[in-house]
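Below you'll find the structure, written out as structure tokens, and then a few comments.
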Amino acid sequence: MVVVRLVNVTKIFKTGVVGVKDINLTVNHKEFMALLGPSGSGKSTTLYLIAGIYKPSSGKIFFDDRDVTNLPPKDRNIGLVFQNWALYPHMRVYDNIAFPLRIKKLPENEIRKKVLETAKMLRIDKFLNRYPWQLSGGQQQRVAIARALVKEPDVLLLDEPLSNLDAQLRISVRAELKRLQKRLGITTIYVTHDQAEALAMADRIAVINNGRIIQIGTPEQVYSKPATIFVGGFLGNPPMNFVEAEITEEKQGLYMLLSGQKLTVPKHYEPLVRKAGLRKVVVGFRPEDTAVIPECRETGECIKGRVYAVEPMGREYIVVVDLGGDLVKAIVPRSLVLIEDQEVCVCPSLEKLVLFDPKTEKSLETLYAEKT
Ligand SMILES: Nc1ncnc2c1ncn2[C@@H]1O[C@H](COP(=O)(O)OP(=O)(O)OP(=O)(O)O)[C@@H](O)[C@H]1O
Ligand SMILES: [Mg+2]
């Protein structure tokens with residue numbers, strides 16, 4: 001039963017590089033938290049701070065009410081899986097898995113029982129006599145996870161554990177790992193730069209960029225209500241579209257002008273646009289929430305553009321449309337026949353639009369929440 005809590009944690013390396021800044025993060029008991037961000041954003045740094053491999057320059061780390069900030073890794077009862085798995089090449093699989101228990105000086109018969117049990121669970125019990133180099137990547141990765149789990153850790157820390165596997169294997173292993181985590185009920189922090197992995201596996205996602213946590217929420221929350229343009233652009237494949245628009249006021253209400261064409265400001269956004277006194281906004285809309293209409297006579301809540309490219313993706317097509325300089329993407333059914341340079345209407349679903357402040361790049365909801 002462990003809740004992991006980081007309070008105002010900052011790590012500045014001896015070189016002066018800021019690893020992470022002012023991290024506040026609570027990972028609940030049994031929760032699967034993904035730390036998602038681009039390369040160099042501070043994901044591994046955060047994980048190693050939780051593991052005790054790095055000491056924070058300031059701030060505190062708690063496991064439940066216990067302050068572990070100054071405890072070495074061995075006193076934290078964590079299981080850690082590194083990106084490259086870091087198996088001991090000169091040891092057989094059995095001894096690799098047994099290693100953490102031998103450090104704890106458990107009796108050999110007890111070690112044997114636990115190693116066999118864990119190996120069975122990860123379906124590597126047939127390979128216990130092999131050396132790591134005699135295994136496939138997927139099998140080695142299971143050994144690394146077995147070694148982390150064998151000591152029944154309070155907290156499981158995984159640093160991009162699937163990144164060395166091929167795309168197919170990654171997808172099958174991620175489902176297995178998710179089931180295993182739920183079955184064992186270990187508080188888990190999972191580092192990844194792969195947004196699809198984070199969305200598929202995590203209970204909650206902490207999006208990190210430039211050493212700072214930008215947003216924490218369920219996959220649904222971070223996906224449909226991104227707190228910043230960065231988050232909207234980092235999640236989704238293809239990511240969210242962004243187009244700058246001018247705000248105009250008419251008798252009926254507020255409108256947005258996108259390359260000279262009008263879209264209504266959704267009702268729930270009106271007070272936020274007014275309160276922030278914005279003359280311009282960035283309109284965010286997801287490709288799958290965007291319709292493309294070939295015969296575009298009525299200009300309802302649509303913007304005219306020209307087909308720039310059509311990308312068949314098997315199950316559906318991605319259409320790239322040029323809206324007078326801004327390229328946006330829409331996912332359309334295969335049955336819709338479109339050709340390059342054809343004039344079309346792009347109609348984003350108004351309920352699902354997200355509006356951002358061009359200056360701070362924050363969503364208006366976030367901007368408003370911060371001000372109140
Ligand atoms: N031991 C170190 N000494 C100095 N700087 C470091 C050290 N470790 C990381 N950094 C720097 O801290 C920043 C964050 O690095 P970190 O390893 O946490 O990134 P990451 O999000 O894990 O990236 P990746 O996805 O590439 O693994 C980077 O600018 C990196 O160069
Ligand atoms: Mg890393």
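If you're wondering about the labels, chains in the structure tokens are A, B, ... by order shown, residues count from 1 in each chain, ligands from 1 in order shown.
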
Give me, as a PyMOL selection string, the residues of region 216-357 of chain A that a backbone DSSP run labels helix (DSSP H, G or I). chain A and resi 219-224+229-234+267-276+287-289+350-352

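Neighbours of ligand 1 at a cut-off of 6 Å, computed so that only C-alpha atoms and all ligand atoms are counted, are the residues A:Phe13, A:Thr15, A:Val17, A:Val18, A:Gly19, A:Pro38, A:Ser39, A:Gly40, A:Ser41, A:Gly42, A:Lys43, A:Ser44, A:Thr45, A:His193.
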
DSSP strand (DSSP E) selection over region 163-304 of chain A, as number ranges by chain: A: 187-192, 204-209, 212-217, 241-250, 253-258, 261-264, 280-285, 290-293, 303-304

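Proximity to region 80-89 of chain A at 7 Å, evaluated using only C-alpha atoms and with sequence-adjacent residues fewer than 3 positions away removed, yields Asn96, Tyr131, Pro132, Gln141, Ala144, Ile145, Ala148, Leu156, Leu157, Leu158, Asp159, Glu160 and Pro161 of chain A.
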
Name the residues in contact with Val20 (chain A) at a cut-off of 6 Å, using only C-alpha atoms, excluding same-chain residues fewer than 3 positions from it; report them as a PyMOL selection string. chain A and resi 10-11+42+211

Write the residues of the selection above to a file with N, CA and C atoms, as a PDB file, in the first residue's frame.
```pdb
ATOM      1  N   THR A  10      12.898  19.732  -7.493  1.00  0.00           N
ATOM      2  CA  THR A  10      13.744  20.291  -8.548  1.00  0.00           C
ATOM      3  C   THR A  10      15.058  19.535  -8.564  1.00  0.00           C
ATOM      4  N   LYS A  11      15.556  19.246  -9.767  1.00  0.00           N
ATOM      5  CA  LYS A  11      16.871  18.629  -9.875  1.00  0.00           C
ATOM      6  C   LYS A  11      17.712  19.444 -10.842  1.00  0.00           C
ATOM      7  N   GLY A  42      12.802  15.313 -19.148  1.00  0.00           N
ATOM      8  CA  GLY A  42      12.973  15.108 -17.706  1.00  0.00           C
ATOM      9  C   GLY A  42      12.257  13.883 -17.162  1.00  0.00           C
ATOM     10  N   GLY A 211      11.263  19.846 -18.458  1.00  0.00           N
ATOM     11  CA  GLY A 211      11.468  19.664 -17.028  1.00  0.00           C
ATOM     12  C   GLY A 211      10.287  20.045 -16.151  1.00  0.00           C
TER      13      GLY A 211
END
```
